[in-house]
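What follows is one structure encoded as structure tokens, with my remarks underneath.
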Amino acid sequence: MTLPERRSDPVREFLNSVREAHFDRDRCLRKLQQTASQCVSLTAQVSGTPSGHGGDSHKDGAWAALADQRSQLEELYERAVRQEMEVESFISQLGQDVHRIILRLRYVDLLPWPAVQKRLEKNNIYYSDRQIYRIHGEALQEARSLWAQLHQEEGDHT
């Protein structure tokens, strides 16, 4: 017996893209810190060399490699941040504030459902589990309508 094929949901895929963006952003930050540390180490090695007595091609190559790595990591970091901002911007266009809140907590803040409920309660918003799931479903429906509208308008401009 085969599993039924799940229908693609571009809105959920878009909202879930923040998960990967968060991962990429955090990974890039760690790598950038490592690169900075390597630059400090390389600088300490180079500063021990009297200036003007010929360059060390190995160290020049290391500088170039670190510069390339840093540039690539910064680009990946910026791409991840832009993705988060796109999702935030999309969610902010929803009409109902409770929909925006639930989707932000779930997809931007990446909170599991119990944490969503606790965060709501912390702000004096009380819903049962079932109510939160129902509101989430309504929010996704509103998001799908908005998505279709936005992508229809894009198609009209081409």
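Naming works like this for the structure tokens: A, B, ... for the chains as they're shown, residue 1 at the start of each chain, ligands 1 onward in shown order.
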With only C-alpha atoms as the counted atoms, please give the residues lying no more than 10 Å from Ile91 (chain A), apart from itself and same-chain residues fewer than 4 positions off, as a PDB file with C-alpha atoms, in the first residue's frame.
ATOM      1  CA  LEU A  15       6.010  30.159   5.791  1.00  0.00           C
ATOM      2  CA  MET A  85      11.648  39.662   6.260  1.00  0.00           C
ATOM      3  CA  GLU A  86       9.620  38.502   3.245  1.00  0.00           C
ATOM      4  CA  VAL A  87       7.646  36.093   5.407  1.00  0.00           C
ATOM      5  CA  GLY A  95      -6.352  41.310   7.987  1.00  0.00           C
ATOM      6  CA  ASP A  97      -4.517  40.470  14.104  1.00  0.00           C
ATOM      7  CA  HIS A  99      -4.094  35.421  12.500  1.00  0.00           C
ATOM      8  CA  ARG A 100      -0.929  37.501  12.253  1.00  0.00           C
ATOM      9  CA  ILE A 101      -0.017  36.703  15.851  1.00  0.00           C
ATOM     10  CA  ILE A 102      -0.532  32.937  15.526  1.00  0.00           C
ATOM     11  CA  LEU A 103       1.380  32.708  12.229  1.00  0.00           C
ATOM     12  CA  ARG A 104       4.281  34.812  13.532  1.00  0.00           C
ATOM     13  CA  TYR A 107       6.426  30.240  11.607  1.00  0.00           C
ATOM     14  CA  VAL A 108       8.683  33.206  12.374  1.00  0.00           C
ATOM     15  CA  ALA A 139      -5.101  32.023   9.318  1.00  0.00           C
ATOM     16  CA  GLU A 142      -6.596  33.779   4.815  1.00  0.00           C
ATOM     17  CA  ALA A 143      -2.906  33.483   3.898  1.00  0.00           C
ATOM     18  CA  LEU A 146      -3.740  36.562   0.019  1.00  0.00           C
TER      19      LEU A 146
END
> Which residues come within 7 Å of region 73-84 of chain A, counting only C-alpha atoms, excluding same-chain residues fewer than 2 positions away, as a VMD selection string?
Replying inline: chain A and resid 18 21 to 22 24 to 25 28 32 69 to 71 86 to 88
>> Just list as a count of residues only whatever in region 1-155 of chain A DSSP marks as alpha helix (DSSP H).
In response: 118
Fewer than 4 positions away in the same chain doesn't count, so skip those; otherwise give me all residues within 12 Å of Ala115 (chain A), counting only C-alpha atoms, as an mmCIF file with N, CA and C atoms, in the first residue's frame.
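around_5.cif, written as the output of this step:
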data_model
loop_
_atom_site.group_PDB
_atom_site.id
_atom_site.type_symbol
_atom_site.label_atom_id
_atom_site.label_comp_id
_atom_site.auth_asym_id
_atom_site.auth_seq_id
_atom_site.Cartn_x
_atom_site.Cartn_y
_atom_site.Cartn_z
ATOM 1 N N ILE A 102 -0.709 34.407 15.528
ATOM 2 C CA ILE A 102 -0.532 32.937 15.526
ATOM 3 C C ILE A 102 0.512 32.533 14.482
ATOM 4 N N LEU A 105 4.088 33.603 15.613
ATOM 5 C CA LEU A 105 4.606 32.755 16.687
ATOM 6 C C LEU A 105 5.012 31.382 16.158
ATOM 7 N N ARG A 106 4.195 30.836 15.279
ATOM 8 C CA ARG A 106 4.438 29.483 14.787
ATOM 9 C C ARG A 106 5.548 29.424 13.731
ATOM 10 N N ASP A 109 8.780 32.795 14.776
ATOM 11 C CA ASP A 109 9.455 32.505 16.039
ATOM 12 C C ASP A 109 9.735 31.013 16.214
ATOM 13 N N LEU A 110 9.140 30.203 15.336
ATOM 14 C CA LEU A 110 9.356 28.742 15.317
ATOM 15 C C LEU A 110 8.972 28.068 16.627
ATOM 16 N N LEU A 111 7.901 28.527 17.241
ATOM 17 C CA LEU A 111 7.485 27.970 18.521
ATOM 18 C C LEU A 111 6.615 26.730 18.328
ATOM 19 N N ARG A 119 2.813 31.774 25.180
ATOM 20 C CA ARG A 119 3.121 33.145 24.778
ATOM 21 C C ARG A 119 1.842 33.975 24.684
ATOM 22 N N LEU A 120 0.784 33.373 24.147
ATOM 23 C CA LEU A 120 -0.499 34.075 24.085
ATOM 24 C C LEU A 120 -0.998 34.397 25.491
ATOM 25 N N GLU A 121 -0.930 33.394 26.370
ATOM 26 C CA GLU A 121 -1.401 33.598 27.739
ATOM 27 C C GLU A 121 -0.588 34.669 28.457
ATOM 28 N N LYS A 122 0.697 34.733 28.159
ATOM 29 C CA LYS A 122 1.558 35.756 28.755
ATOM 30 C C LYS A 122 1.065 37.155 28.382
ATOM 31 N N ASP A 129 -6.291 24.542 23.221
ATOM 32 C CA ASP A 129 -5.533 23.932 22.115
ATOM 33 C C ASP A 129 -6.370 23.909 20.840
ATOM 34 N N ILE A 132 -6.749 27.266 19.198
ATOM 35 C CA ILE A 132 -5.520 27.705 18.530
ATOM 36 C C ILE A 132 -5.373 26.994 17.189
#
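Closest approach to Leu150 (chain A) among A:Val40, A:Leu29, A:Leu94, A:Ile135: A:Leu94, based on only C-alpha atoms.
When CA of Cys39 (chain A) is paired with CA of Ala67 (chain A), their separation reads 9.1 Å.
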> Please, what distance in Å, to one decimal, runs between CA of Arg144 (chain A) and CA of Pro112 (chain A)?
Replying inline: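 Distance between the two atoms: 21.7 Å.
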> What separation in Å, quoted to one decimal, exists between CA of Gln149 (chain A) and CA of Ser92 (chain A)?
Replying inline: 15.0 Å
> A:Gln141, A:Leu66, A:Lys118, A:Ser128: which is nearest Gln34 (chain A), counting only C-alpha atoms?
Replying inline: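 Among A:Gln141, A:Leu66, A:Lys118, A:Ser128, it is A:Leu66 that comes nearest to Gln34 (chain A).
Of the residues under consideration (A:Thr43, A:Trp147, A:Glu13, A:Trp63), A:Trp147 shows the shortest atom-to-atom contact distance to Gln93 (chain A) when counting only C-alpha atoms.
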